[in-house]
Amino acid sequence: MNISERVYVIQPVFGPESKVLHEEAVALIESAGAGYAGTIYQNIREINPATFIGEGKLAELKERLEGLDVTVLFNGDLSPSQTLNISHALGDRKVIDRTTLILDIFALRAESSEGKLQVELAQYKYIYPRLRGKGSALSRLGGGIGTRGPGETRLETDRRHIRARIHALEQRLAETERRRSLLTQRRKKDRVKTVALVGYTNTGKSTLLNQITGAETFVKNALFATLDPTARAFEVDGIPFLMVDTVGFLQSLPHHLIEAFKSTLESALNCDLALIVCDASGEYEMQLKTTLDTLNELGFNAPYLVVMNKCDAARDLRPPRGAVCISAKNGTGLEELKRRIFEALKDEFVRAALFVPYPRMAEYGALRGLLTERTVEYTDDGARITAVIPAIYADKFRTFVK
């Protein structure tokens, strides 16, 4: 993909959220490596089952695009027949919808083997119903947006081959999910508390991960810059935690795309605490609602903190009650965030002052791996220790408590 491909947007107007959807469409186009060519708006009172928007507006758009080499993006979801009918009405021009564009960006961003498998499966499932007797028409799509990954395959490919490929991908992902489940069980057994970064795309989750954990994950001012989950260790008050970055959400993200990345989001669903990161300089109320709606759809029920990032660039900020205001870029508020993380999980730990007589050192040594020592002072009779102990192991150290 290069900037030579230019995209013209058909923007359906249903209500005030259409403005945000249009802004996202422009950002998605740029994230895909293409250029934004313009927009035609259409108020929707009644959906045309054949073309979604009316024939008059399509005729106007065809005239407006005369002589321009552009791809047309319908900023919503189209059925296979609607896509073909709009393309035909515009003189067999290449037409894609919002899902096609998002899948193209997913294909561009995925780096892990699991991420690539998930993207390929989602693309094949999306392409499959669009092949029924339409191969020659769909082949007009050509190169560019919407043709990464399996889109590069000839679209007249035998449907049985695609069904077989979908089945094979599902089996491989099922095996990956089993391995991920074992890893999650091991973390729970080791009592490693997981803090998941979730939220709208491009709100600064990866920057926050880097600042808190000292990692060097990829950061870019683009939608879906991070697609694959990243896990890094960090400490608060001497207690080890694991922070996991996840794929971002978008308003009106199609359900089947959410399902496609459900396994990737398991780190958020199984976390001990979620940090819902919002852009304080943007439409943070909408971002928070979209994130919570998506998480609820996935069965999320963990405790969470709302983190308002980019507060240094915000105007007239009215953060939700209990939110933590930070700037991940310059580090403002991160110590307060760490304190709030520990506070949210404090019931899982017990602070204790211990005394271990020298004759019982071997007994203590066998249990030592269960706690985190803060200070150790050796005296004539034994060791005085301040420690943080997971609550479930507190009874094992009761005889050492001063």
# chains A, B, ... in the order shown; residues from 1 in each chain; ligands from 1
$ residues_around --residues "A:Phe249" --least-positions-apart "4" --cutoff "8 Å" --atoms "only C-alpha atoms" --output "ChimeraX atom specification"
/A:199-201,253,290-291,294
$ write_last_selection --atoms "C-alpha atoms" --output "PDB file, in the first residue's frame"
ATOM      1  CA  GLY A 199      -9.673   0.990  25.615  1.00  0.00           C
ATOM      2  CA  TYR A 200     -10.191   2.872  22.409  1.00  0.00           C
ATOM      3  CA  THR A 201      -7.535   2.617  19.738  1.00  0.00           C
ATOM      4  CA  LEU A 253     -16.576  -2.249  15.481  1.00  0.00           C
ATOM      5  CA  THR A 290     -17.651   2.020  23.508  1.00  0.00           C
ATOM      6  CA  THR A 291     -15.010   0.178  25.538  1.00  0.00           C
ATOM      7  CA  THR A 294     -17.496  -4.100  23.956  1.00  0.00           C
TER       8      THR A 294
END
$ residues_around --residues "A:Gly91" --least-positions-apart "3" --cutoff "12 Å" --atoms "only C-alpha atoms" --output "count of residues only"
19
$ closest_residue --among "A:Arg109, A:Lys125, A:Lys310, A:Arg178" --to "A:Leu334" --atoms "only C-alpha atoms"
A:Lys310
$ closest_residue --among "A:Thr375, A:Glu177, A:Lys338, A:Asp380" --to "A:Pro357" --atoms "only C-alpha atoms"
A:Asp380
$ residues_around --residues "A:Ala314" --least-positions-apart "6" --cutoff "10 Å" --atoms "only C-alpha atoms" --output "PyMOL selection string"
chain A and resi 279-282+308
